[in-house]
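As structure tokens, the structure follows; a few thoughts come after it.
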Amino acid sequence: MIKLLEIIGFVLIGGTIYSYIGMYNNELRWPVFISCALGTAIIIMYKKRTKM
């Protein structure tokens with residue numbers, strides 16, 4: 001389960017970077033950026049809670 005969350009986290013980080021750099025002048029830039037960043041933050045918080 002943890003390995004799967006790590007892989008999903010890396011994909012979301014890649015999507016965040018791509019949307020910030022690669023999607024210049026695209027109307028979907030900020031919604032993709034915010035959703036990927038929030039997804040990554042949720043995974044980080046979940047992993048911290050499960051370690052307690």
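FYI, nothing fancy with the structure tokens labels: chains A, B, ... in order, residues from 1 per chain, ligands from 1 as they appear.
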| said: Please return, as a ChimeraX atom specification, all residues of segment 2-47 of chain A that DSSP assigns to alpha helix (DSSP H) on the basis of the backbone. | reply: /A:2-21,29-47
Restricting it to C-alpha atoms, dump the selection as an mmCIF file, in the first residue's frame.
```cif
data_model
loop_
_atom_site.group_PDB
_atom_site.id
_atom_site.type_symbol
_atom_site.label_atom_id
_atom_site.label_comp_id
_atom_site.auth_asym_id
_atom_site.auth_seq_id
_atom_site.Cartn_x
_atom_site.Cartn_y
_atom_site.Cartn_z
ATOM 1 C CA ILE A 2 2.784 2.435 0.920
ATOM 2 C CA LYS A 3 4.693 1.732 -2.318
ATOM 3 C CA LEU A 4 1.545 2.407 -4.322
ATOM 4 C CA LEU A 5 1.047 5.728 -2.522
ATOM 5 C CA GLU A 6 4.675 6.654 -3.218
ATOM 6 C CA ILE A 7 4.235 5.966 -6.930
ATOM 7 C CA ILE A 8 1.002 7.977 -7.043
ATOM 8 C CA GLY A 9 2.761 10.782 -5.141
ATOM 9 C CA PHE A 10 5.594 10.885 -7.662
ATOM 10 C CA VAL A 11 3.097 11.028 -10.527
ATOM 11 C CA LEU A 12 1.265 13.893 -8.820
ATOM 12 C CA ILE A 13 4.524 15.772 -8.244
ATOM 13 C CA GLY A 14 5.365 15.287 -11.923
ATOM 14 C CA GLY A 15 1.932 16.595 -12.887
ATOM 15 C CA THR A 16 2.434 19.617 -10.662
ATOM 16 C CA ILE A 17 5.788 20.426 -12.256
ATOM 17 C CA TYR A 18 4.477 19.841 -15.772
ATOM 18 C CA SER A 19 1.414 22.006 -15.243
ATOM 19 C CA TYR A 20 3.521 24.839 -13.837
ATOM 20 C CA ILE A 21 6.230 24.755 -16.516
ATOM 21 C CA ARG A 29 -2.920 25.168 -15.932
ATOM 22 C CA TRP A 30 -4.052 26.248 -12.460
ATOM 23 C CA PRO A 31 -6.778 23.643 -11.863
ATOM 24 C CA VAL A 32 -4.321 20.849 -12.714
ATOM 25 C CA PHE A 33 -1.606 22.438 -10.571
ATOM 26 C CA ILE A 34 -3.858 22.866 -7.543
ATOM 27 C CA SER A 35 -5.389 19.387 -7.771
ATOM 28 C CA CYS A 36 -1.985 17.694 -8.088
ATOM 29 C CA ALA A 37 -0.553 19.740 -5.220
ATOM 30 C CA LEU A 38 -3.534 18.951 -2.975
ATOM 31 C CA GLY A 39 -3.349 15.261 -3.834
ATOM 32 C CA THR A 40 0.326 15.183 -2.920
ATOM 33 C CA ALA A 41 -0.343 16.994 0.350
ATOM 34 C CA ILE A 42 -3.112 14.529 1.248
ATOM 35 C CA ILE A 43 -0.802 11.566 0.622
ATOM 36 C CA ILE A 44 1.913 13.131 2.792
ATOM 37 C CA MET A 45 -0.534 13.750 5.639
ATOM 38 C CA TYR A 46 -1.912 10.200 5.359
ATOM 39 C CA LYS A 47 1.564 8.684 5.536
#
```
